[in-house]
Amino acid sequence: MTVKATEANTGGGFGLLESLIAPGFSPPLHVHRREDESFYVLEGELTMKCGDRTFRATAGSFVFLPRNVPHTFVVEGDKPARMLTLLTPGGGEGVFIDGGRPAAAEGLPPSTPPDIEALKRVSARYDAEIIGPPIAPAGQPTDGRNSDDARRH
């Protein structure tokens with residue numbers, strides 16, 4: 001993830017991040033209380049979940065996720081996704097800055113399970129909340145359920 005703009009250098013207007021995301025990655029289901037989150041998909045294919053809707057987003061897609069609506073996504077296929085994330089107003093990018101770590105090398109870092117408790121703590125600082133599990137790529141079960149059921153809940 002590369003920070004392109006922050007609340008501090010946009011007069012509070014927005015935060016902008018560029019992300020390279022590994023195949024199969026899904027953040028936990030979460031909700032932002034202070035800002036809307038939008039994605040512009042540059043490369044790859046994602047399954048997005050926003051509230052009760054589940055849909056595909058591919059290169060060229062713009063996805064708007066309003067504040068106070070639970071959402072997540074999963075990177076489908078065997079290639080990474082690359083996308084821009086816009087947080088409006090700015091400030092919510094702090095979750096990624098404070099919850100992340102500097103890159104050790106170019107490209108994707110080794111895959112490790114997220115520290116959910118640490119993520120919950122840093123999210124709370126930015127009025128965001130982890131409220132459920134990640135979702136699985138198509139055809140892979142989550143929590144012992146089939147993937148279609150997992151995306152409907």
# chains A, B, ... in the order shown; residues from 1 in each chain; ligands from 1
$ select_by_dssp --residues "stretch 6-96 of chain A" --states "strand (DSSP E or B)" --output "PyMOL selection string"
chain A and resi 15-21+30-32+36-43+45-50+53-58+62-65+71-75+81-88
$ residues_around --residues "stretch 14-23 of chain A" --least-positions-apart "4" --cutoff "6 Å" --atoms "only C-alpha atoms" --output "VMD selection string"
chain A and resid 1 to 7 75 to 76 78 to 90 93
$ residues_around --residues "stretch 59-62 of chain A" --least-positions-apart "2" --cutoff "7 Å" --atoms "only C-alpha atoms" --output "list in words"
Phe39, Tyr40, Val41, Leu42, Glu43, Gly44, Glu45, Ala57 and Phe64 of chain A
$ write_last_selection --atoms "C-alpha atoms" --output "compact mmCIF listing (two decimals), in the first residue's frame"
# COMPACT_ATOMS: atom_id res chain seq x y z
CA PHE A 39 -12.35 2.04 -4.88
CA TYR A 40 -11.14 2.40 -8.44
CA VAL A 41 -9.94 -1.02 -9.62
CA LEU A 42 -6.84 -0.71 -11.79
CA GLU A 43 -6.09 -4.44 -12.20
CA GLY A 44 -7.59 -7.72 -11.05
CA GLU A 45 -11.00 -8.99 -10.05
CA ALA A 57 -15.57 -5.39 -9.61
CA PHE A 64 -18.70 3.58 -3.72
$ atom_distance --atom1 "atom CA of A:Gly107" --atom2 "atom CA of A:Glu37"
24.1 Å
$ atom_distance --atom1 "atom CA of A:Arg34" --atom2 "atom CA of A:Pro66"
9.8 Å
$ select_by_dssp --residues "chain A" --states "helix (DSSP H, G or I)" --output "list in words"
Glu7, Ala8, Asn9, Gly94, Val95, Phe96, Ile97, Asp98, Gly99, Ile116, Glu117, Ala118, Leu119, Lys120, Arg121, Val122, Ser123, Ala124, Arg125, Ser147, Asp148, Asp149, Ala150, Arg151 and Arg152 of chain A
$ atom_distance --atom1 "atom CA of A:Phe55" --atom2 "atom CA of A:Asp115"
27.1 Å
$ residues_around --residues "A:Arg125" --least-positions-apart "5" --cutoff "10 Å" --atoms "only C-alpha atoms" --output "JSON, numbers by chain"
{"A": [92, 94, 95, 98, 120]}
$ residues_around --residues "A:Val74" --least-positions-apart "5" --cutoff "8 Å" --atoms "only C-alpha atoms" --output "ChimeraX atom specification"
/A:23-27,46-48,134-137
$ write_last_selection --atoms "N, CA and C atoms" --output "short mmCIF file (atom, residue, chain, number, x, y, z; two decimals), in the first residue's frame"
data_model
loop_
_atom_site.label_atom_id
_atom_site.label_comp_id
_atom_site.auth_asym_id
_atom_site.auth_seq_id
_atom_site.Cartn_x
_atom_site.Cartn_y
_atom_site.Cartn_z
N PRO A 23 -3.88 -12.35 -4.19
CA PRO A 23 -5.04 -13.19 -4.49
C PRO A 23 -5.54 -13.87 -3.22
N GLY A 24 -6.86 -13.91 -3.07
CA GLY A 24 -7.47 -14.56 -1.91
C GLY A 24 -7.58 -13.69 -0.68
N PHE A 25 -6.94 -12.50 -0.68
CA PHE A 25 -7.01 -11.64 0.51
C PHE A 25 -8.39 -11.02 0.64
N SER A 26 -8.87 -10.97 1.88
CA SER A 26 -10.13 -10.31 2.22
C SER A 26 -9.98 -9.67 3.59
N PRO A 27 -10.25 -8.37 3.71
CA PRO A 27 -10.26 -7.78 5.05
C PRO A 27 -11.51 -8.25 5.80
N LEU A 46 -12.36 -8.54 -8.13
CA LEU A 46 -12.77 -8.64 -6.73
C LEU A 46 -14.24 -9.00 -6.64
N THR A 47 -14.58 -9.66 -5.55
CA THR A 47 -15.98 -9.79 -5.15
C THR A 47 -16.15 -8.81 -4.01
N MET A 48 -17.10 -7.89 -4.15
CA MET A 48 -17.37 -6.86 -3.16
C MET A 48 -18.65 -7.20 -2.41
N PRO A 134 -13.70 -12.11 7.26
CA PRO A 134 -13.49 -11.88 5.83
C PRO A 134 -14.40 -12.80 5.02
N ILE A 135 -14.43 -12.61 3.72
CA ILE A 135 -15.16 -13.54 2.85
C ILE A 135 -14.14 -14.35 2.05
N ALA A 136 -14.54 -15.52 1.61
CA ALA A 136 -13.66 -16.40 0.85
C ALA A 136 -13.83 -16.16 -0.64
N PRO A 137 -12.77 -16.45 -1.41
CA PRO A 137 -12.93 -16.39 -2.86
C PRO A 137 -14.02 -17.36 -3.32
#
$ closest_residue --among "A:Gly91, A:Pro102, A:Gly77, A:Pro133" --to "A:Pro114" --atoms "only C-alpha atoms"
A:Pro133
